[in-house]
>>> print(open('upload_7.cif').read())   # mmCIF, C-alpha atoms, pLDDT in the B column; chains and numbers go by the auth columns
data_entry
loop_
_atom_site.group_PDB
_atom_site.id
_atom_site.type_symbol
_atom_site.label_atom_id
_atom_site.label_comp_id
_atom_site.label_asym_id
_atom_site.label_seq_id
_atom_site.Cartn_x
_atom_site.Cartn_y
_atom_site.Cartn_z
_atom_site.B_iso_or_equiv
_atom_site.auth_seq_id
_atom_site.auth_asym_id
ATOM 1 C CA MET A 1 146.446 79.831 107.227 82.00 261 A
ATOM 2 C CA ILE A 2 142.927 80.698 106.114 95.00 262 A
ATOM 3 C CA ASP A 3 140.391 78.268 107.542 97.00 263 A
ATOM 4 C CA LEU A 4 137.109 77.938 105.635 98.00 264 A
ATOM 5 C CA SER A 5 135.813 74.975 107.615 97.00 265 A
ATOM 6 C CA GLY A 6 132.050 75.166 107.975 97.00 266 A
ATOM 7 C CA LYS A 7 131.571 77.509 105.018 98.00 267 A
ATOM 8 C CA LYS A 8 129.428 76.349 102.111 98.00 268 A
ATOM 9 C CA GLY A 9 129.117 77.777 98.628 98.00 269 A
ATOM 10 C CA ILE A 10 128.268 77.328 94.967 98.00 270 A
ATOM 11 C CA VAL A 11 130.813 77.495 92.145 98.00 271 A
ATOM 12 C CA PHE A 12 129.406 78.141 88.666 98.00 272 A
ATOM 13 C CA GLY A 13 131.435 77.821 85.490 96.00 273 A
ATOM 14 C CA VAL A 14 133.764 74.820 85.753 96.00 274 A
ATOM 15 C CA ALA A 15 134.434 73.341 82.305 93.00 275 A
ATOM 16 C CA ASN A 16 137.632 71.381 82.994 94.00 276 A
ATOM 17 C CA ASP A 17 140.619 71.291 85.339 93.00 277 A
ATOM 18 C CA LYS A 18 142.132 74.366 83.648 93.00 278 A
ATOM 19 C CA SER A 19 139.081 76.524 84.437 94.00 279 A
ATOM 20 C CA ILE A 20 139.461 79.523 86.700 96.00 280 A
ATOM 21 C CA ALA A 21 136.315 78.313 88.465 97.00 281 A
ATOM 22 C CA TYR A 22 137.979 74.976 89.162 97.00 282 A
ATOM 23 C CA GLY A 23 141.089 76.710 90.510 97.00 283 A
ATOM 24 C CA CYS A 24 138.847 78.598 92.928 98.00 284 A
ATOM 25 C CA ALA A 25 136.863 75.537 93.950 98.00 285 A
ATOM 26 C CA ASP A 26 140.030 73.516 94.502 98.00 286 A
ATOM 27 C CA VAL A 27 141.639 76.078 96.801 98.00 287 A
ATOM 28 C CA LEU A 28 138.443 76.680 98.753 98.00 288 A
ATOM 29 C CA ARG A 29 137.926 72.950 99.222 98.00 289 A
ATOM 30 C CA GLN A 30 141.517 72.458 100.396 98.00 290 A
ATOM 31 C CA LEU A 31 140.868 75.128 103.018 98.00 291 A
ATOM 32 C CA GLY A 32 137.814 73.292 104.327 98.00 292 A
ATOM 33 C CA ALA A 33 134.829 74.740 102.455 98.00 293 A
ATOM 34 C CA ASP A 34 132.000 72.537 101.221 98.00 294 A
ATOM 35 C CA ILE A 35 131.360 72.983 97.517 98.00 295 A
ATOM 36 C CA CYS A 36 128.312 72.757 95.289 98.00 296 A
ATOM 37 C CA LEU A 37 129.601 72.412 91.743 98.00 297 A
ATOM 38 C CA THR A 38 127.520 72.974 88.610 98.00 298 A
ATOM 39 C CA TYR A 39 127.952 71.756 85.054 97.00 299 A
ATOM 40 C CA LEU A 40 126.567 73.298 81.877 96.00 300 A
ATOM 41 C CA ASN A 41 124.713 70.350 80.324 96.00 301 A
ATOM 42 C CA GLU A 42 124.842 66.597 79.684 96.00 302 A
ATOM 43 C CA LYS A 43 127.596 67.063 77.094 96.00 303 A
ATOM 44 C CA ALA A 44 129.786 68.805 79.661 95.00 304 A
ATOM 45 C CA LYS A 45 128.923 66.513 82.569 97.00 305 A
ATOM 46 C CA PRO A 46 131.486 63.743 81.853 96.00 306 A
ATOM 47 C CA TYR A 47 134.289 66.325 81.889 95.00 307 A
ATOM 48 C CA VAL A 48 133.200 67.956 85.134 97.00 308 A
ATOM 49 C CA ALA A 49 132.007 64.899 87.093 98.00 309 A
ATOM 50 C CA PRO A 50 135.551 63.621 87.842 98.00 310 A
ATOM 51 C CA LEU A 51 136.440 67.077 89.148 98.00 311 A
ATOM 52 C CA ALA A 52 133.389 67.056 91.412 98.00 312 A
ATOM 53 C CA ASP A 53 134.618 63.712 92.766 97.00 313 A
ATOM 54 C CA GLN A 54 138.118 65.106 93.338 96.00 314 A
ATOM 55 C CA LEU A 55 136.628 68.027 95.230 97.00 315 A
ATOM 56 C CA ASP A 56 134.270 65.761 97.162 97.00 316 A
ATOM 57 C CA ALA A 57 131.546 68.177 96.074 97.00 317 A
ATOM 58 C CA ARG A 58 128.519 67.729 98.297 93.00 318 A
ATOM 59 C CA LEU A 59 126.210 68.769 95.472 98.00 319 A
ATOM 60 C CA PHE A 60 126.715 68.403 91.702 98.00 320 A
ATOM 61 C CA LEU A 61 123.967 70.042 89.691 98.00 321 A
ATOM 62 C CA PRO A 62 123.210 71.107 86.103 98.00 322 A
ATOM 63 C CA CYS A 63 122.973 74.824 85.365 98.00 323 A
ATOM 64 C CA ASN A 64 122.739 76.538 82.032 98.00 324 A
ATOM 65 C CA VAL A 65 121.909 80.117 82.990 98.00 325 A
ATOM 66 C CA ALA A 66 120.305 80.645 79.573 97.00 326 A
ATOM 67 C CA GLU A 67 117.727 77.923 80.264 97.00 327 A
ATOM 68 C CA PRO A 68 114.702 79.174 82.235 97.00 328 A
ATOM 69 C CA GLY A 69 114.416 77.584 85.649 98.00 329 A
ATOM 70 C CA GLU A 70 117.799 75.845 85.804 98.00 330 A
ATOM 71 C CA MET A 71 119.474 78.456 87.995 98.00 331 A
ATOM 72 C CA GLU A 72 116.450 78.578 90.288 98.00 332 A
ATOM 73 C CA ALA A 73 116.537 74.776 90.592 98.00 333 A
ATOM 74 C CA VAL A 74 120.140 74.930 91.820 98.00 334 A
ATOM 75 C CA PHE A 75 119.247 77.357 94.578 98.00 335 A
ATOM 76 C CA ASP A 76 116.130 75.371 95.510 98.00 336 A
ATOM 77 C CA THR A 77 118.230 72.222 95.932 98.00 337 A
ATOM 78 C CA VAL A 78 120.896 74.054 97.897 98.00 338 A
ATOM 79 C CA LYS A 79 118.249 75.528 100.185 98.00 339 A
ATOM 80 C CA GLU A 80 116.724 72.113 100.751 98.00 340 A
ATOM 81 C CA GLU A 81 120.060 70.405 101.420 98.00 341 A
ATOM 82 C CA TRP A 82 122.004 73.134 103.240 98.00 342 A
ATOM 83 C CA GLY A 83 119.570 75.874 104.184 98.00 343 A
ATOM 84 C CA GLU A 84 122.254 78.558 103.959 98.00 344 A
ATOM 85 C CA ILE A 85 125.399 79.381 101.968 98.00 345 A
ATOM 86 C CA ASP A 86 128.397 81.589 102.658 98.00 346 A
ATOM 87 C CA PHE A 87 129.729 82.282 99.163 98.00 347 A
ATOM 88 C CA LEU A 88 129.029 82.112 95.461 98.00 348 A
ATOM 89 C CA ILE A 89 131.498 82.206 92.567 98.00 349 A
ATOM 90 C CA HIS A 90 130.262 83.205 89.114 98.00 350 A
ATOM 91 C CA SER A 91 132.750 82.369 86.369 97.00 351 A
ATOM 92 C CA ILE A 92 130.509 82.429 83.313 97.00 352 A
ATOM 93 C CA ALA A 93 130.919 84.317 80.048 95.00 353 A
ATOM 94 C CA TRP A 94 129.600 83.792 76.534 95.00 354 A
ATOM 95 C CA SER A 95 129.237 85.611 73.255 94.00 355 A
ATOM 96 C CA PRO A 96 128.490 84.509 69.678 94.00 356 A
ATOM 97 C CA LEU A 97 131.880 83.467 68.316 92.00 357 A
ATOM 98 C CA ASP A 98 131.471 85.254 64.988 93.00 358 A
ATOM 99 C CA GLU A 99 130.560 88.487 66.758 93.00 359 A
ATOM 100 C CA LEU A 100 133.385 88.119 69.277 92.00 360 A
ATOM 101 C CA HIS A 101 135.741 87.887 66.319 93.00 361 A
ATOM 102 C CA GLY A 102 134.194 90.916 64.650 94.00 362 A
ATOM 103 C CA GLN A 103 134.100 94.596 65.480 95.00 363 A
ATOM 104 C CA LEU A 104 131.820 95.955 68.188 96.00 364 A
ATOM 105 C CA LEU A 105 130.314 98.151 65.471 96.00 365 A
ATOM 106 C CA ASP A 106 129.008 95.052 63.734 96.00 366 A
ATOM 107 C CA SER A 107 127.529 93.308 66.763 96.00 367 A
ATOM 108 C CA SER A 108 123.848 92.471 66.485 97.00 368 A
ATOM 109 C CA ALA A 109 121.297 93.522 69.058 97.00 369 A
ATOM 110 C CA GLU A 110 120.321 89.893 69.534 97.00 370 A
ATOM 111 C CA GLY A 111 123.893 88.662 69.992 97.00 371 A
ATOM 112 C CA PHE A 112 124.878 91.511 72.284 97.00 372 A
ATOM 113 C CA CYS A 113 121.782 91.164 74.462 98.00 373 A
ATOM 114 C CA LYS A 114 122.228 87.410 74.851 98.00 374 A
ATOM 115 C CA ALA A 115 125.901 87.883 75.715 97.00 375 A
ATOM 116 C CA VAL A 116 124.999 90.477 78.365 98.00 376 A
ATOM 117 C CA ASP A 117 122.317 88.210 79.796 98.00 377 A
ATOM 118 C CA ILE A 118 124.629 85.213 80.149 98.00 378 A
ATOM 119 C CA SER A 119 127.836 87.044 81.070 98.00 379 A
ATOM 120 C CA CYS A 120 126.453 89.819 83.292 98.00 380 A
ATOM 121 C CA HIS A 121 122.787 89.658 84.203 98.00 381 A
ATOM 122 C CA SER A 122 123.114 86.019 85.284 98.00 382 A
ATOM 123 C CA PHE A 123 125.301 87.284 88.150 98.00 383 A
ATOM 124 C CA ILE A 124 122.613 89.750 89.177 98.00 384 A
ATOM 125 C CA ARG A 125 120.029 86.964 89.144 98.00 385 A
ATOM 126 C CA MET A 126 122.326 84.772 91.214 98.00 386 A
ATOM 127 C CA ALA A 127 122.790 87.563 93.740 98.00 387 A
ATOM 128 C CA LYS A 128 119.033 87.873 94.168 98.00 388 A
ATOM 129 C CA LEU A 129 118.662 84.128 94.689 98.00 389 A
ATOM 130 C CA ALA A 130 121.636 83.962 97.044 98.00 390 A
ATOM 131 C CA LYS A 131 120.527 86.798 99.330 98.00 391 A
ATOM 132 C CA PRO A 132 117.858 84.789 101.214 98.00 392 A
ATOM 133 C CA LEU A 133 120.396 81.998 101.741 98.00 393 A
ATOM 134 C CA MET A 134 122.858 84.405 103.383 98.00 394 A
ATOM 135 C CA PRO A 135 121.008 85.568 106.515 98.00 395 A
ATOM 136 C CA ASN A 136 124.311 86.101 108.324 96.00 396 A
ATOM 137 C CA GLY A 137 126.083 87.640 105.352 98.00 397 A
ATOM 138 C CA GLY A 138 128.301 86.146 102.692 98.00 398 A
ATOM 139 C CA THR A 139 130.471 86.797 99.652 98.00 399 A
ATOM 140 C CA LEU A 140 129.630 86.968 95.941 99.00 400 A
ATOM 141 C CA LEU A 141 132.487 86.847 93.421 99.00 401 A
ATOM 142 C CA THR A 142 132.533 87.191 89.654 98.00 402 A
ATOM 143 C CA MET A 143 135.259 87.219 86.998 98.00 403 A
ATOM 144 C CA SER A 144 136.138 90.266 84.936 97.00 404 A
ATOM 145 C CA TYR A 145 139.093 91.116 82.691 94.00 405 A
ATOM 146 C CA HIS A 146 141.305 94.135 81.973 94.00 406 A
ATOM 147 C CA GLY A 147 139.497 94.518 78.638 93.00 407 A
ATOM 148 C CA ALA A 148 136.624 96.048 80.615 95.00 408 A
ATOM 149 C CA GLU A 149 138.835 99.010 81.564 96.00 409 A
ATOM 150 C CA ARG A 150 141.063 99.429 78.515 94.00 410 A
ATOM 151 C CA VAL A 151 140.822 98.471 74.868 94.00 411 A
ATOM 152 C CA VAL A 152 142.404 95.043 74.457 92.00 412 A
ATOM 153 C CA GLU A 153 142.914 93.920 70.883 89.00 413 A
ATOM 154 C CA ASN A 154 140.476 91.168 69.825 90.00 414 A
ATOM 155 C CA TYR A 155 138.439 91.352 73.062 92.00 415 A
ATOM 156 C CA ASN A 156 135.820 93.333 71.124 94.00 416 A
ATOM 157 C CA MET A 157 132.204 93.053 72.353 95.00 417 A
ATOM 158 C CA MET A 158 133.200 91.398 75.635 95.00 418 A
ATOM 159 C CA GLY A 159 134.885 94.647 76.743 96.00 419 A
ATOM 160 C CA PRO A 160 131.688 96.641 77.301 97.00 420 A
ATOM 161 C CA ILE A 161 129.926 93.544 78.617 98.00 421 A
ATOM 162 C CA LYS A 162 132.564 93.002 81.296 98.00 422 A
ATOM 163 C CA ALA A 163 132.425 96.728 82.056 98.00 423 A
ATOM 164 C CA ALA A 164 128.707 96.315 82.743 98.00 424 A
ATOM 165 C CA LEU A 165 129.542 93.406 85.038 98.00 425 A
ATOM 166 C CA ASP A 166 132.065 95.501 86.990 98.00 426 A
ATOM 167 C CA SER A 167 129.522 98.292 87.406 98.00 427 A
ATOM 168 C CA SER A 168 126.916 95.764 88.528 98.00 428 A
ATOM 169 C CA VAL A 169 129.317 94.584 91.229 98.00 429 A
ATOM 170 C CA ARG A 170 129.527 98.094 92.658 98.00 430 A
ATOM 171 C CA TYR A 171 125.770 98.576 92.711 98.00 431 A
ATOM 172 C CA LEU A 172 125.163 95.123 94.185 98.00 432 A
ATOM 173 C CA ALA A 173 127.760 95.807 96.863 98.00 433 A
ATOM 174 C CA SER A 174 125.863 98.959 97.808 98.00 434 A
ATOM 175 C CA GLU A 175 122.456 97.291 97.808 98.00 435 A
ATOM 176 C CA LEU A 176 123.546 94.153 99.661 98.00 436 A
ATOM 177 C CA GLY A 177 125.896 95.844 102.116 98.00 437 A
ATOM 178 C CA PRO A 178 123.189 96.355 104.774 98.00 438 A
ATOM 179 C CA HIS A 179 122.702 92.574 104.704 98.00 439 A
ATOM 180 C CA GLN A 180 126.437 91.995 105.226 98.00 440 A
ATOM 181 C CA VAL A 181 126.717 90.416 101.780 98.00 441 A
ATOM 182 C CA ARG A 182 130.003 91.451 100.158 98.00 442 A
ATOM 183 C CA VAL A 183 130.495 91.584 96.389 98.00 443 A
ATOM 184 C CA HIS A 184 133.736 91.659 94.399 98.00 444 A
ATOM 185 C CA SER A 185 134.941 91.394 90.829 98.00 445 A
ATOM 186 C CA LEU A 186 138.201 89.522 90.213 98.00 446 A
ATOM 187 C CA SER A 187 140.224 90.378 87.126 97.00 447 A
ATOM 188 C CA PRO A 188 142.649 87.576 86.253 95.00 448 A
ATOM 189 C CA GLY A 189 145.301 88.081 83.643 89.00 449 A
ATOM 190 C CA PRO A 190 145.336 86.047 80.435 89.00 450 A
ATOM 191 C CA MET A 191 145.792 82.336 81.001 87.00 451 A
ATOM 192 C CA PRO A 192 145.244 79.259 78.815 79.00 452 A
ATOM 193 C CA THR A 193 141.657 78.345 79.654 76.00 453 A
ATOM 194 C CA ARG A 194 138.972 76.953 77.373 69.00 454 A
ATOM 195 C CA ALA A 195 137.031 80.214 77.487 69.00 455 A
ATOM 196 C CA ALA A 196 140.088 82.229 76.478 65.00 456 A
ATOM 197 C CA SER A 197 140.678 80.027 73.451 66.00 457 A
ATOM 198 C CA GLY A 198 137.777 81.761 71.702 70.00 458 A
ATOM 199 C CA ILE A 199 139.680 85.055 71.587 78.00 459 A
ATOM 200 C CA GLN A 200 141.687 85.572 68.412 77.00 460 A
ATOM 201 C CA ALA A 201 145.501 85.705 68.721 75.00 461 A
ATOM 202 C CA PHE A 202 145.273 84.807 72.401 80.00 462 A
ATOM 203 C CA ASP A 203 148.776 83.326 72.423 84.00 463 A
ATOM 204 C CA LYS A 204 150.078 86.774 71.482 86.00 464 A
ATOM 205 C CA LEU A 205 148.164 88.291 74.389 85.00 465 A
ATOM 206 C CA MET A 206 149.736 85.810 76.815 87.00 466 A
ATOM 207 C CA ASP A 207 153.209 86.453 75.415 91.00 467 A
ATOM 208 C CA ASP A 208 152.683 90.188 75.878 90.00 468 A
ATOM 209 C CA ALA A 209 151.562 89.644 79.466 90.00 469 A
ATOM 210 C CA ILE A 210 154.712 87.678 80.271 94.00 470 A
ATOM 211 C CA GLU A 211 156.976 90.216 78.594 95.00 471 A
ATOM 212 C CA ARG A 212 155.417 93.392 79.949 94.00 472 A
ATOM 213 C CA SER A 213 153.960 92.544 83.347 95.00 473 A
ATOM 214 C CA PRO A 214 156.172 93.581 86.280 96.00 474 A
ATOM 215 C CA LEU A 215 156.393 89.978 87.515 96.00 475 A
ATOM 216 C CA HIS A 216 157.010 88.595 83.996 96.00 476 A
ATOM 217 C CA ARG A 217 154.698 85.634 84.324 95.00 477 A
ATOM 218 C CA LEU A 218 151.095 84.620 83.841 94.00 478 A
ATOM 219 C CA SER A 219 148.705 84.320 86.720 94.00 479 A
ATOM 220 C CA THR A 220 147.141 80.906 87.330 95.00 480 A
ATOM 221 C CA PRO A 221 143.715 79.619 88.357 96.00 481 A
ATOM 222 C CA GLU A 222 145.275 78.781 91.728 97.00 482 A
ATOM 223 C CA ASP A 223 146.345 82.423 92.129 97.00 483 A
ATOM 224 C CA VAL A 224 142.736 83.465 91.560 98.00 484 A
ATOM 225 C CA GLY A 225 141.596 80.777 93.984 98.00 485 A
ATOM 226 C CA ASN A 226 143.902 82.107 96.689 98.00 486 A
ATOM 227 C CA MET A 227 142.397 85.577 96.345 98.00 487 A
ATOM 228 C CA ALA A 228 138.884 84.121 96.326 98.00 488 A
ATOM 229 C CA ALA A 229 139.663 82.220 99.522 98.00 489 A
ATOM 230 C CA PHE A 230 140.794 85.402 101.263 98.00 490 A
ATOM 231 C CA LEU A 231 137.702 87.310 100.170 98.00 491 A
ATOM 232 C CA VAL A 232 135.401 84.500 101.300 98.00 492 A
ATOM 233 C CA SER A 233 137.143 84.319 104.665 98.00 493 A
ATOM 234 C CA ASP A 234 136.264 86.336 107.739 97.00 494 A
ATOM 235 C CA GLN A 235 139.556 88.222 107.358 97.00 495 A
ATOM 236 C CA ALA A 236 137.989 90.170 104.477 98.00 496 A
ATOM 237 C CA ALA A 237 134.859 91.142 106.404 97.00 497 A
ATOM 238 C CA SER A 238 135.409 94.876 105.819 98.00 498 A
ATOM 239 C CA LEU A 239 135.962 94.650 102.060 98.00 499 A
ATOM 240 C CA THR A 240 133.286 94.989 99.401 98.00 500 A
ATOM 241 C CA GLY A 241 132.733 96.442 95.948 98.00 501 A
ATOM 242 C CA ASN A 242 136.292 95.957 94.748 98.00 502 A
ATOM 243 C CA LEU A 243 137.763 95.171 91.339 98.00 503 A
ATOM 244 C CA ILE A 244 140.876 93.161 92.125 98.00 504 A
ATOM 245 C CA HIS A 245 143.521 92.357 89.534 98.00 505 A
ATOM 246 C CA ILE A 246 145.309 89.013 89.711 97.00 506 A
ATOM 247 C CA ASP A 247 147.527 89.454 86.668 96.00 507 A
ATOM 248 C CA ALA A 248 151.155 89.778 87.788 95.00 508 A
ATOM 249 C CA GLY A 249 150.715 93.546 87.450 96.00 509 A
ATOM 250 C CA HIS A 250 149.967 93.527 83.717 94.00 510 A
ATOM 251 C CA HIS A 251 147.121 96.049 84.129 94.00 511 A
ATOM 252 C CA LEU A 252 149.614 98.682 85.279 94.00 512 A
ATOM 253 C CA MET A 253 151.386 98.909 81.968 90.00 513 A
ATOM 254 C CA ALA A 254 150.488 101.465 79.304 78.00 514 A
#
>>> encode(input="upload_7.cif", output="structure tokens")
Amino acid sequence: MIDLSGKKGIVFGVANDKSIAYGCADVLRQLGADICLTYLNEKAKPYVAPLADQLDARLFLPCNVAEPGEMEAVFDTVKEEWGEIDFLIHSIAWSPLDELHGQLLDSSAEGFCKAVDISCHSFIRMAKLAKPLMPNGGTLLTMSYHGAERVVENYNMMGPIKAALDSSVRYLASELGPHQVRVHSLSPGPMPTRAASGIQAFDKLMDDAIERSPLHRLSTPEDVGNMAAFLVSDQAASLTGNLIHIDAGHHLMA
């Protein structure tokens, strides 16, 4: 049994109890970790607050990464309350819905740049803020998708954005390695989350994953949480810079 007692960390990106971020937070909390949970804004707060209570989250803070100063305020509070952290989970992605539903060719510079900032560069900014709070090392995790590696129908502009995120993980792992900070990208398979609902014909994508994956099932937020727990634990101390698929093997299939 993995024991995360005494470890503290921040989980960004919980929208509801079906969120991958919530699946991660739930597993980590069950294994003894203390959680700081964030919520997007006042509109989202009533949906996330009960989950923070269920997790007995020590800290529950607002964070819209597109709003200047909000991310920094989270880390300032965490530093004041805890002093140090052991892990961070970034499960945040956004793009303009009309551009997500359109071709990459038609994406605007403004829409693409904002999507990259929220979905990718926010993780880089978090890594910079987390580093001083990890004097004894730690683990940074973010969420990718197979559409970063292969063309997935209807994933469109998020494909190259997630590819940038995966590349950022490798460079961050190299830069933070001397500080014993480990960085990984997790690639869950399709699952019925709120974020996924923005992708056109997503039900078809899930059906295909069940039919064609070697295990003939969908992965779950709990599956992702179990992998996150291992990577956060001391058992994974020699691992960094990996892209890890949690998708019942769907990524293997041509």
>>> closest_atom_pairs(input="upload_7.cif", of="range 311-423 of chain A", to="range 488-505 of chain A", cutoff="12 Å", atoms="all atoms listed in the file", output="CSV")
residue,atom,partner,partner_atom,distance
A:Ile345,CA,A:Val492,CA,11.3
A:Asp346,CA,A:Val492,CA,7.7
A:Phe347,CA,A:Val492,CA,6.5
A:Leu348,CA,A:Val492,CA,9.0
A:Ile349,CA,A:Ala488,CA,8.5
A:His350,CA,A:Ala488,CA,11.3
A:Ser351,CA,A:Ala488,CA,11.8
A:Asn396,CA,A:Ala497,CA,11.8
A:Gly397,CA,A:Ala497,CA,9.5
A:Gly398,CA,A:Val492,CA,7.4
A:Thr399,CA,A:Val492,CA,5.7
A:Leu400,CA,A:Val492,CA,8.3
A:Leu401,CA,A:Ala488,CA,7.5
A:Thr402,CA,A:Leu503,CA,9.7
A:Met403,CA,A:Leu503,CA,9.4
A:Ser404,CA,A:Leu503,CA,8.2
A:Tyr405,CA,A:His505,CA,8.2
A:His406,CA,A:His505,CA,8.1
A:Gly407,CA,A:His505,CA,11.8
A:Ala408,CA,A:Leu503,CA,10.8
A:Glu409,CA,A:Leu503,CA,10.6
A:Lys422,CA,A:Leu503,CA,11.5
A:Ala423,CA,A:Leu503,CA,10.8
>>> closest_residue(input="upload_7.cif", among="A:Ile378, A:Ala293, A:Ala369, A:Leu288", to="Val325 in chain A", atoms="all atoms listed in the file")
A:Ile378
>>> resolve_selection(input="upload_7.cif", expression="the PyMOL selection byres ((chain A and resi 458) around 12)", output="JSON, numbers by chain")
{"A": [353, 354, 355, 356, 357, 358, 359, 360, 361, 414, 415, 416, 418, 452, 453, 454, 455, 456, 457, 459, 460, 461, 462, 463]}
>>> atom_distance(input="upload_7.cif", atom1="CA of Cys323 in chain A", atom2="CA of Leu300 in chain A")
5.2 Å
>>> residues_near_point(input="upload_7.cif", point="(123.8, 83.0, 107.5)", cutoff="12 Å", atoms="all atoms listed in the file", output="list in words")
Gly266, Lys267, Lys268, Gly269, Lys339, Trp342, Gly343, Glu344, Ile345, Asp346, Phe347, Ala390, Lys391, Pro392, Leu393, Met394, Pro395, Asn396, Gly397, Gly398, Thr399, His439, Gln440 and Val441 of chain A
>>> atom_distance(input="upload_7.cif", atom1="CA of Ala326 in chain A", atom2="CA of Met386 in chain A")
12.5 Å
>>> closest_residue(input="upload_7.cif", among="A:Ala375, A:Met451, A:Met331, A:Ala433", to="Ala469 in chain A", atoms="all atoms listed in the file")
A:Met451
>>> resolve_selection(input="upload_7.cif", expression="the PyMOL selection byres ((chain A and resi 272) around 7)", output="VMD selection string")
chain A and resid 270 to 271 273 to 274 281 297 to 298 349 to 352
>>> closest_residue(input="upload_7.cif", among="A:Leu365, A:Leu446, A:Ala514, A:Leu389", to="Val412 in chain A", atoms="all atoms listed in the file")
A:Ala514
>>> residues_near_point(input="upload_7.cif", point="(123.8, 72.1, 93.3)", cutoff="7 Å", atoms="only C-alpha atoms", output="count of residues only")
9
>>> atom_distance(input="upload_7.cif", atom1="CA of Asn324 in chain A", atom2="CA of Ala309 in chain A")
15.7 Å
>>> axis_aligned_box(input="upload_7.cif", around="range 316-331 of chain A", padding_each_side="5 Å", output="JSON")
{"center_x": 124.3, "center_y": 73.2, "center_z": 88.9, "size_x": 29.9, "size_y": 24.9, "size_z": 28.7}
>>> build_atoms(input="upload_7.cif", residues="range 280-285 of chain A", atoms="all heavy atoms", output="compact mmCIF listing (two decimals), in the frame of the given file")
# COMPACT_ATOMS: atom_id res chain seq x y z
N ILE A 280 139.27 78.65 85.54
CA ILE A 280 139.46 79.52 86.70
C ILE A 280 138.51 79.11 87.82
O ILE A 280 138.89 79.09 89.00
CB ILE A 280 139.23 80.99 86.31
CG1 ILE A 280 140.36 81.46 85.37
CG2 ILE A 280 139.16 81.89 87.54
CD1 ILE A 280 140.15 82.84 84.79
N ALA A 281 137.29 78.74 87.46
CA ALA A 281 136.32 78.31 88.46
C ALA A 281 136.82 77.08 89.21
O ALA A 281 136.63 76.97 90.43
CB ALA A 281 134.97 78.03 87.81
N TYR A 282 137.45 76.16 88.49
CA TYR A 282 137.98 74.98 89.16
C TYR A 282 139.13 75.35 90.09
O TYR A 282 139.24 74.81 91.21
CB TYR A 282 138.45 73.93 88.16
CG TYR A 282 139.08 72.73 88.85
CD1 TYR A 282 138.29 71.80 89.53
CD2 TYR A 282 140.47 72.57 88.88
CE1 TYR A 282 138.85 70.73 90.20
CE2 TYR A 282 141.04 71.51 89.55
CZ TYR A 282 140.24 70.58 90.20
OH TYR A 282 140.81 69.54 90.88
N GLY A 283 140.01 76.26 89.64
CA GLY A 283 141.09 76.71 90.51
C GLY A 283 140.56 77.28 91.81
O GLY A 283 141.11 77.03 92.89
N CYS A 284 139.47 78.04 91.72
CA CYS A 284 138.85 78.60 92.93
C CYS A 284 138.26 77.50 93.80
O CYS A 284 138.49 77.45 95.01
CB CYS A 284 137.77 79.60 92.54
SG CYS A 284 138.39 81.10 91.76
N ALA A 285 137.50 76.61 93.19
CA ALA A 285 136.86 75.54 93.95
C ALA A 285 137.90 74.66 94.65
O ALA A 285 137.72 74.25 95.80
CB ALA A 285 135.99 74.70 93.03
